[in-house]
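Shown next: work_34.pdb, containing PDB, C-alpha atoms.
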```pdb
ATOM      1  CA  MET A   1      15.363   4.535   7.791
ATOM      2  CA  ARG A   2      15.999   2.782   4.482
ATOM      3  CA  LEU A   3      12.351   1.650   4.381
ATOM      4  CA  LEU A   4      11.168   5.208   4.856
ATOM      5  CA  LEU A   5      13.473   6.575   2.172
ATOM      6  CA  ARG A   6      12.575   3.863  -0.310
ATOM      7  CA  ASN A   7       8.868   4.402   0.004
ATOM      8  CA  GLY A   8       8.969   8.181  -0.081
ATOM      9  CA  ILE A   9       7.620   8.764   3.392
ATOM     10  CA  TYR A  10      10.781  10.362   4.680
ATOM     11  CA  SER A  11      10.766  12.975   1.920
ATOM     12  CA  SER A  12       7.109  13.707   2.685
ATOM     13  CA  VAL A  13       7.879  14.207   6.370
ATOM     14  CA  VAL A  14      10.763  16.540   5.556
ATOM     15  CA  PHE A  15       8.529  18.501   3.184
ATOM     16  CA  ALA A  16       5.879  18.936   5.854
ATOM     17  CA  LEU A  17       8.388  20.015   8.470
ATOM     18  CA  PHE A  18       9.984  22.650   6.277
ATOM     19  CA  SER A  19       6.949  23.715   4.300
ATOM     20  CA  SER A  20       6.161  27.394   4.537
ATOM     21  CA  CYS A  21       2.749  27.352   2.900
ATOM     22  CA  LYS A  22       0.031  29.439   4.495
ATOM     23  CA  SER A  23      -3.633  28.551   4.439
ATOM     24  CA  ALA A  24      -6.864  30.194   5.476
ATOM     25  CA  PRO A  25      -7.783  30.238   9.166
ATOM     26  CA  LEU A  26      -9.679  27.192  10.351
ATOM     27  CA  ASP A  27     -13.435  27.537  10.236
ATOM     28  CA  SER A  28     -14.885  25.341  12.997
ATOM     29  CA  HIS A  29     -17.749  24.010  10.898
ATOM     30  CA  ALA A  30     -15.668  23.287   7.773
ATOM     31  CA  CYS A  31     -12.952  21.769   9.969
ATOM     32  CA  SER A  32     -15.427  19.461  11.654
ATOM     33  CA  GLU A  33     -16.876  18.347   8.305
ATOM     34  CA  ALA A  34     -13.406  17.642   6.892
ATOM     35  CA  PHE A  35     -12.482  15.576   9.949
ATOM     36  CA  GLN A  36     -15.769  13.658   9.753
ATOM     37  CA  GLU A  37     -14.964  12.810   6.133
ATOM     38  CA  TRP A  38     -11.486  11.669   7.211
ATOM     39  CA  GLU A  39     -12.969   9.545  10.008
ATOM     40  CA  SER A  40     -15.429   8.003   7.555
ATOM     41  CA  ARG A  41     -12.532   7.054   5.280
ATOM     42  CA  LEU A  42     -10.779   5.456   8.254
ATOM     43  CA  GLY A  43     -13.926   3.432   8.938
ATOM     44  CA  SER A  44     -13.843   2.050   5.407
ATOM     45  CA  HIS A  45     -10.147   1.259   5.898
ATOM     46  CA  SER A  46     -11.090  -0.784   8.977
ATOM     47  CA  GLU A  47     -13.650  -2.782   7.036
ATOM     48  CA  ALA A  48     -11.226  -3.431   4.167
ATOM     49  CA  LEU A  49      -8.481  -4.445   6.590
ATOM     50  CA  GLU A  50     -10.785  -6.975   8.241
ATOM     51  CA  GLN A  51     -11.473  -8.462   4.815
ATOM     52  CA  TRP A  52      -7.764  -8.614   3.927
ATOM     53  CA  GLY A  53      -7.080 -10.411   7.209
ATOM     54  CA  ARG A  54      -9.793 -12.978   6.429
ATOM     55  CA  ASP A  55      -8.519 -13.447   2.868
ATOM     56  CA  ARG A  56      -4.960 -14.086   4.080
ATOM     57  CA  ALA A  57      -5.872 -16.610   6.794
ATOM     58  CA  PRO A  58      -6.026 -19.756   4.581
ATOM     59  CA  ALA A  59      -2.544 -19.092   3.200
ATOM     60  CA  SER A  60      -1.082 -18.911   6.690
ATOM     61  CA  ILE A  61      -2.766 -22.185   7.678
ATOM     62  CA  GLY A  62      -1.355 -23.963   4.605
ATOM     63  CA  SER A  63       2.098 -22.536   5.247
ATOM     64  CA  ALA A  64       2.518 -24.933   8.187
ATOM     65  CA  PHE A  65       3.492 -27.571   5.616
ATOM     66  CA  LEU A  66       6.098 -25.403   3.887
ATOM     67  CA  THR A  67       9.826 -25.336   4.480
ATOM     68  CA  ALA A  68      11.375 -22.316   6.161
ATOM     69  CA  GLU A  69      12.684 -21.120   2.800
ATOM     70  CA  GLN A  70       9.261 -21.461   1.168
ATOM     71  CA  ARG A  71       7.620 -19.588   4.077
ATOM     72  CA  SER A  72      10.182 -16.799   3.726
ATOM     73  CA  LYS A  73       9.488 -16.479  -0.007
ATOM     74  CA  LEU A  74       5.737 -16.473   0.642
ATOM     75  CA  LYS A  75       6.090 -13.824   3.340
ATOM     76  CA  HIS A  76       8.143 -11.512   1.110
ATOM     77  CA  ALA A  77       6.254 -12.150  -2.144
ATOM     78  CA  ALA A  78       4.759  -9.135  -3.863
ATOM     79  CA  ASP A  79       1.179  -8.624  -2.757
ATOM     80  CA  PRO A  80      -0.943  -6.003  -4.538
ATOM     81  CA  VAL A  81      -3.193  -5.647  -1.494
ATOM     82  CA  GLN A  82      -0.162  -5.086   0.709
ATOM     83  CA  GLU A  83       1.070  -2.415  -1.710
ATOM     84  CA  GLU A  84      -2.354  -0.797  -1.543
ATOM     85  CA  TRP A  85      -2.213  -0.692   2.272
ATOM     86  CA  MET A  86       1.199   0.903   2.160
ATOM     87  CA  SER A  87      -0.109   3.439  -0.346
ATOM     88  CA  ARG A  88      -3.145   4.173   1.867
ATOM     89  CA  ALA A  89      -0.852   4.777   4.832
ATOM     90  CA  GLU A  90       1.196   7.228   2.758
ATOM     91  CA  ARG A  91      -1.945   9.094   1.644
ATOM     92  CA  GLU A  92      -3.263   9.321   5.196
ATOM     93  CA  LEU A  93       0.144  10.487   6.422
ATOM     94  CA  LYS A  94      -0.021  13.288   3.864
ATOM     95  CA  THR A  95      -3.495  14.205   5.106
ATOM     96  CA  ALA A  96      -2.161  14.389   8.664
ATOM     97  CA  GLN A  97       0.745  16.532   7.469
ATOM     98  CA  ARG A  98      -1.589  18.990   5.729
ATOM     99  CA  TRP A  99      -3.560  19.308   8.971
ATOM    100  CA  ILE A 100      -0.352  19.823  10.955
ATOM    101  CA  VAL A 101       0.577  22.773   8.736
ATOM    102  CA  ARG A 102      -2.895  24.302   9.065
ATOM    103  CA  VAL A 103      -3.169  23.814  12.824
ATOM    104  CA  GLU A 104       0.333  25.034  13.648
ATOM    105  CA  GLU A 105      -0.484  28.410  12.102
ATOM    106  CA  ASP A 106      -2.916  29.024  14.961
ATOM    107  CA  PRO A 107      -1.224  29.342  18.369
ATOM    108  CA  THR A 108      -4.494  28.469  20.138
ATOM    109  CA  ARG A 109      -4.391  24.994  18.611
ATOM    110  CA  ARG A 110      -0.965  23.802  19.751
ATOM    111  CA  ALA A 111      -2.419  20.754  21.518
ATOM    112  CA  ALA A 112      -4.030  19.662  18.247
ATOM    113  CA  GLY A 113      -0.661  20.066  16.511
ATOM    114  CA  ARG A 114       1.020  17.763  19.025
ATOM    115  CA  GLU A 115      -1.724  15.166  18.646
ATOM    116  CA  LEU A 116      -1.476  15.403  14.862
ATOM    117  CA  GLN A 117       2.284  14.801  15.069
ATOM    118  CA  THR A 118       1.560  11.658  17.082
ATOM    119  CA  LEU A 119      -1.105  10.660  14.568
ATOM    120  CA  ALA A 120       1.369  11.113  11.684
ATOM    121  CA  ASN A 121       3.863   8.911  13.528
ATOM    122  CA  ARG A 122       1.170   6.242  13.955
ATOM    123  CA  TRP A 123       0.687   6.239  10.159
ATOM    124  CA  VAL A 124       4.405   5.608   9.720
ATOM    125  CA  VAL A 125       4.121   2.652  12.123
ATOM    126  CA  PHE A 126       1.058   1.407  10.223
ATOM    127  CA  HIS A 127       3.041   1.589   6.972
ATOM    128  CA  GLY A 128       5.784  -0.553   8.490
ATOM    129  CA  LEU A 129       3.232  -3.096   9.686
ATOM    130  CA  ALA A 130       1.688  -3.214   6.201
ATOM    131  CA  PHE A 131       5.151  -3.789   4.733
ATOM    132  CA  GLN A 132       5.538  -6.740   7.105
ATOM    133  CA  LYS A 133       1.965  -7.977   6.385
ATOM    134  CA  ARG A 134       1.119  -7.957  10.101
ATOM    135  CA  THR A 135      -2.643  -7.609   9.797
ATOM    136  CA  ARG A 136      -3.474  -8.212  13.464
ATOM    137  CA  GLU A 137      -1.166  -5.389  14.550
ATOM    138  CA  MET A 138      -2.431  -3.233  11.677
ATOM    139  CA  ARG A 139      -5.983  -3.605  12.983
ATOM    140  CA  LYS A 140      -4.900  -2.555  16.481
ATOM    141  CA  GLU A 141      -2.957   0.395  15.084
ATOM    142  CA  LEU A 142      -5.887   1.483  12.925
ATOM    143  CA  THR A 143      -8.209   1.356  15.935
ATOM    144  CA  ASP A 144      -5.789   3.605  17.819
ATOM    145  CA  ILE A 145      -5.531   5.942  14.813
ATOM    146  CA  ARG A 146      -9.317   6.237  14.609
ATOM    147  CA  GLN A 147      -9.566   7.107  18.311
ATOM    148  CA  ARG A 148      -6.790   9.685  18.019
ATOM    149  CA  THR A 149      -8.411  11.217  14.941
ATOM    150  CA  ALA A 150     -11.657  11.736  16.840
ATOM    151  CA  ARG A 151      -9.714  13.331  19.700
ATOM    152  CA  VAL A 152      -7.800  15.583  17.296
ATOM    153  CA  ARG A 153     -11.031  16.714  15.665
ATOM    154  CA  GLY A 154     -12.179  18.082  19.003
ATOM    155  CA  LEU A 155      -8.878  19.863  19.576
ATOM    156  CA  ALA A 156      -8.452  21.205  16.052
ATOM    157  CA  CYS A 157     -12.010  22.198  15.267
ATOM    158  CA  GLU A 158     -13.099  23.928  18.453
ATOM    159  CA  SER A 159     -13.264  27.641  17.938
ATOM    160  CA  PRO A 160     -10.490  29.472  19.809
ATOM    161  CA  ALA A 161     -13.148  31.079  22.011
ATOM    162  CA  ASP A 162     -14.255  27.589  23.132
ATOM    163  CA  VAL A 163     -10.674  26.643  24.071
ATOM    164  CA  ARG A 164     -10.344  29.460  26.616
TER     165      ARG A 164
END
```
Can you turn what I pasted into structure tokens?
Amino acid sequence: MRLLLRNGIYSSVVFALFSSCKSAPLDSHACSEAFQEWESRLGSHSEALEQWGRDRAPASIGSAFLTAEQRSKLKHAADPVQEEWMSRAERELKTAQRWIVRVEEDPTRRAAGRELQTLANRWVVFHGLAFQKRTREMRKELTDIRQRTARVRGLACESPADVR
């Protein structure tokens, strides 16, 4: 909980849960385009994450010769790329939260709302993995997030007439 409070995610989640903003009804075409843009961004995240994992590999190989204390310091050292991944997770969580608010206004899209809640939770997990610099698990989580996002697009962007 402390991690969430310190990095501002908790306050974002609370804001989304208690937000009373209203937005325009979802247009199926515009919705689909927005989700495709989001999915494209996730694809670029995957590519960048692969690169970060490759860039970090030599340091982990060399750490075999370090003492436990030196490994601990290396593991917890400030890493601008790590900070960027945590920031990306926070931005994507906010995107998911905006979609949750929009989808929950339409009772025909409740299934999409539930999936978006799960997707938002996955971004919180991803943030924690980035904090711990666990790139292998981050890649798995991002793959799951991308699959869920595609599934949510179908649920959120179908016209209500198609759902019936």
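With distances restricted to all atoms listed in the file, A:Leu119 is the closest residue to Arg146 (chain A) from A:Glu158, A:Arg88, A:His29, A:Leu119.
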Picked residues, the PyMOL selection byres ((chain A and resi 117) around 12), expected as a PyMOL selection string | chain A and resi 13+16-17+93-101+103-104+110-116+118-124+145+148-149+152
What do you get, as a PyMOL selection string, if you spell out every residue that the PyMOL selection byres ((chain A and resi 157) around 6) selects here?
-> chain A and resi 28+31-32+153-156+158
Identify the residues around (2.7, 1.7, 8.4) within a radius of 12 Å, measuring from all atoms listed in the file in the coordinates stated by the file, and give them as JSON, numbers by chain.
-> {"A": [3, 4, 7, 9, 82, 83, 84, 85, 86, 87, 88, 89, 90, 91, 92, 93, 119, 120, 121, 122, 123, 124, 125, 126, 127, 128, 129, 130, 131, 132, 133, 134, 135, 137, 138, 139, 140, 141, 142, 145]}
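Here CA of Asp144 (chain A) stands at a distance of 12.9 Å from CA of His45 (chain A).
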Calculate how many Å separate CA of Glu37 (chain A) from CA of Asp79 (chain A), rounding to one decimal.
-> 28.3 Å
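Of note, CA of Glu33 (chain A) and CA of Ala150 (chain A) are spaced 12.0 Å apart.
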Output, as JSON, the centre and edge lengths in Å (one decimal) of the axis-aligned box that contains all listed atoms of region 114-128 of chain A with 4 Å of margin on each side.
```
{"center_x": 2.0, "center_y": 8.6, "center_z": 13.0, "size_x": 15.5, "size_y": 26.3, "size_z": 20.1}
```
